[in-house]
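Trainee: Can you read through this structure? Questions will come right after.
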Amino acid sequence: MPQTGPVHMSAQLPGALHAGVKAQKKAKKAGPKRKQALMARGLFWKEIQREKKLDELLEKYDTSNTGNLLKDELMHLLQGAANGRKPTEEELNFVLWSTTEGKSDRVSKHEIPKALDLWSDYERNLREVEEKFDKYDTNKSGKLEKDQLKLLLTDLDEGIPPTDAEVDWVFATADGAVEGVTPTGGINKTELMLAISLWYTHVEDKSSCCVVS
């Protein structure tokens, strides 16, 4: 006979994860000290599950058995996360360089979440970046020159044009910034993701410094 009442998700969860969910529910009804202890227990089980998932990913993709993901192994991880879409060499270099901050040619187990977050953000924003790139690459050179980049940055800042010094800064920082991407005197699609991130951060910093409380 089918259930008519609500089905609680925690009742369907296995072992440790179930214990963590139950601990958090109990914490809502407990006193301060008890609540703190139960929440700590819940976070502990969440961390256990997180470690287990990382171990599973490492076991699956670390075919070299180095305890890290080498570049080609990282490529397979990203491809799996993107439902089969293989990252380009530039995209792979972008994720590897950004994850390790340019300090390593491999990704450690505990850097895997950062790599996946970077790749997820990249994938989510890729269409918008491509549309912006195609709009301002008016001469179809495959890269944005300084005057084209200035128009794009103006668009991103709601019509407020950047100074020439700001354009020079974004241009110099993004062009060739990713290991494996040779400076070309222009901003390509992979570099544009970095350029846009730099610009948004810069605009937010300018806005916050000018706020008078």
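Labels used: A, B, ... for chains in the order of the structure tokens, numbers from 1 for residues in each chain, and numbers from 1 for ligands as shown.
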Neighbours of A:Leu126 within 12 Å (only C-alpha atoms; same-chain residues fewer than 3 positions away dropped), as a VMD selection string?
Mentor: chain A and resid 87 91 118 to 123 129 to 133 189 to 194 196
Trainee: With distances taken over only C-alpha atoms, which residue among A:His110, A:Ser141, A:Val170, A:Asp117 lies nearest A:Arg50?
Mentor: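 For A:Arg50, the nearest of the candidates is A:His110.
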Trainee: From stretch 65-173 of chain A, collect each residue whose DSSP state is helix (DSSP H, G or I) and return the set as a PyMOL selection string.
Mentor: chain A and resi 71-81+89-100+109-136+146-156+164-173
Trainee: Just write the chosen residues, C-alpha atoms, as a PDB file, in the first residue's frame.
Mentor:
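Contents of selection.pdb, as written:
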```
ATOM      1  CA  LYS A  71      47.288  16.680 -16.986  1.00  0.00           C
ATOM      2  CA  ASP A  72      45.769  13.962 -19.187  1.00  0.00           C
ATOM      3  CA  GLU A  73      43.955  12.481 -16.162  1.00  0.00           C
ATOM      4  CA  LEU A  74      42.551  15.907 -15.300  1.00  0.00           C
ATOM      5  CA  MET A  75      41.347  16.166 -18.889  1.00  0.00           C
ATOM      6  CA  HIS A  76      39.329  12.948 -18.497  1.00  0.00           C
ATOM      7  CA  LEU A  77      37.855  14.207 -15.199  1.00  0.00           C
ATOM      8  CA  LEU A  78      36.730  17.475 -16.810  1.00  0.00           C
ATOM      9  CA  GLN A  79      35.387  15.619 -19.816  1.00  0.00           C
ATOM     10  CA  GLY A  80      33.306  13.405 -17.537  1.00  0.00           C
ATOM     11  CA  ALA A  81      32.006  16.443 -15.661  1.00  0.00           C
ATOM     12  CA  GLU A  89      44.223  22.342 -24.699  1.00  0.00           C
ATOM     13  CA  GLU A  90      43.791  25.992 -23.729  1.00  0.00           C
ATOM     14  CA  GLU A  91      40.801  25.222 -21.482  1.00  0.00           C
ATOM     15  CA  LEU A  92      42.728  22.405 -19.820  1.00  0.00           C
ATOM     16  CA  ASN A  93      45.712  24.687 -19.224  1.00  0.00           C
ATOM     17  CA  PHE A  94      43.362  27.350 -17.859  1.00  0.00           C
ATOM     18  CA  VAL A  95      41.838  24.986 -15.262  1.00  0.00           C
ATOM     19  CA  LEU A  96      45.184  23.445 -14.303  1.00  0.00           C
ATOM     20  CA  TRP A  97      46.928  26.825 -13.968  1.00  0.00           C
ATOM     21  CA  SER A  98      44.029  28.398 -12.053  1.00  0.00           C
ATOM     22  CA  THR A  99      43.642  25.419  -9.708  1.00  0.00           C
ATOM     23  CA  THR A 100      47.304  25.167  -8.747  1.00  0.00           C
ATOM     24  CA  LYS A 109      43.155  15.106  -4.277  1.00  0.00           C
ATOM     25  CA  HIS A 110      42.082  18.088  -2.220  1.00  0.00           C
ATOM     26  CA  GLU A 111      42.370  20.425  -5.231  1.00  0.00           C
ATOM     27  CA  ILE A 112      39.845  18.359  -7.204  1.00  0.00           C
ATOM     28  CA  PRO A 113      36.795  20.324  -5.878  1.00  0.00           C
ATOM     29  CA  LYS A 114      38.458  23.608  -6.881  1.00  0.00           C
ATOM     30  CA  ALA A 115      39.205  22.285 -10.372  1.00  0.00           C
ATOM     31  CA  LEU A 116      35.620  21.082 -10.793  1.00  0.00           C
ATOM     32  CA  ASP A 117      34.215  24.404  -9.535  1.00  0.00           C
ATOM     33  CA  LEU A 118      36.399  26.326 -11.998  1.00  0.00           C
ATOM     34  CA  TRP A 119      35.342  24.069 -14.845  1.00  0.00           C
ATOM     35  CA  SER A 120      31.673  24.328 -13.867  1.00  0.00           C
ATOM     36  CA  ASP A 121      31.852  28.147 -13.779  1.00  0.00           C
ATOM     37  CA  TYR A 122      33.660  28.161 -17.112  1.00  0.00           C
ATOM     38  CA  GLU A 123      31.094  25.870 -18.730  1.00  0.00           C
ATOM     39  CA  ARG A 124      28.180  27.872 -17.309  1.00  0.00           C
ATOM     40  CA  ASN A 125      29.532  31.176 -18.629  1.00  0.00           C
ATOM     41  CA  LEU A 126      31.004  29.896 -21.881  1.00  0.00           C
ATOM     42  CA  ARG A 127      28.054  30.757 -24.101  1.00  0.00           C
ATOM     43  CA  GLU A 128      27.868  34.343 -22.839  1.00  0.00           C
ATOM     44  CA  VAL A 129      31.630  34.765 -23.263  1.00  0.00           C
ATOM     45  CA  GLU A 130      31.465  33.407 -26.812  1.00  0.00           C
ATOM     46  CA  GLU A 131      28.605  35.768 -27.651  1.00  0.00           C
ATOM     47  CA  LYS A 132      30.538  38.757 -26.294  1.00  0.00           C
ATOM     48  CA  PHE A 133      33.652  37.671 -28.143  1.00  0.00           C
ATOM     49  CA  ASP A 134      31.858  37.224 -31.474  1.00  0.00           C
ATOM     50  CA  LYS A 135      30.116  40.588 -31.060  1.00  0.00           C
ATOM     51  CA  TYR A 136      33.324  42.573 -30.587  1.00  0.00           C
ATOM     52  CA  LYS A 146      42.677  46.869 -27.423  1.00  0.00           C
ATOM     53  CA  ASP A 147      40.004  49.018 -29.075  1.00  0.00           C
ATOM     54  CA  GLN A 148      37.643  46.021 -29.257  1.00  0.00           C
ATOM     55  CA  LEU A 149      38.364  45.070 -25.646  1.00  0.00           C
ATOM     56  CA  LYS A 150      37.608  48.651 -24.572  1.00  0.00           C
ATOM     57  CA  LEU A 151      34.170  48.476 -26.195  1.00  0.00           C
ATOM     58  CA  LEU A 152      33.473  45.146 -24.487  1.00  0.00           C
ATOM     59  CA  LEU A 153      34.513  46.453 -21.061  1.00  0.00           C
ATOM     60  CA  THR A 154      32.300  49.504 -21.616  1.00  0.00           C
ATOM     61  CA  ASP A 155      29.405  47.154 -22.337  1.00  0.00           C
ATOM     62  CA  LEU A 156      30.079  45.191 -19.136  1.00  0.00           C
ATOM     63  CA  ASP A 164      43.153  53.668 -21.421  1.00  0.00           C
ATOM     64  CA  ALA A 165      45.260  52.670 -18.400  1.00  0.00           C
ATOM     65  CA  GLU A 166      42.565  50.213 -17.257  1.00  0.00           C
ATOM     66  CA  VAL A 167      42.335  48.704 -20.734  1.00  0.00           C
ATOM     67  CA  ASP A 168      46.124  48.344 -20.845  1.00  0.00           C
ATOM     68  CA  TRP A 169      46.079  46.625 -17.437  1.00  0.00           C
ATOM     69  CA  VAL A 170      43.363  44.100 -18.342  1.00  0.00           C
ATOM     70  CA  PHE A 171      44.991  43.473 -21.716  1.00  0.00           C
ATOM     71  CA  ALA A 172      48.496  42.946 -20.334  1.00  0.00           C
ATOM     72  CA  THR A 173      47.254  40.730 -17.491  1.00  0.00           C
TER      73      THR A 173
END
```
Trainee: Could you tell me how far atom CA of A:Asn83 sits from atom CA of A:Thr66, in Å to one decimal place?
Mentor: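 Atom-to-atom, atom CA of A:Thr66 to atom CA of A:Asn83, that is 25.4 Å.
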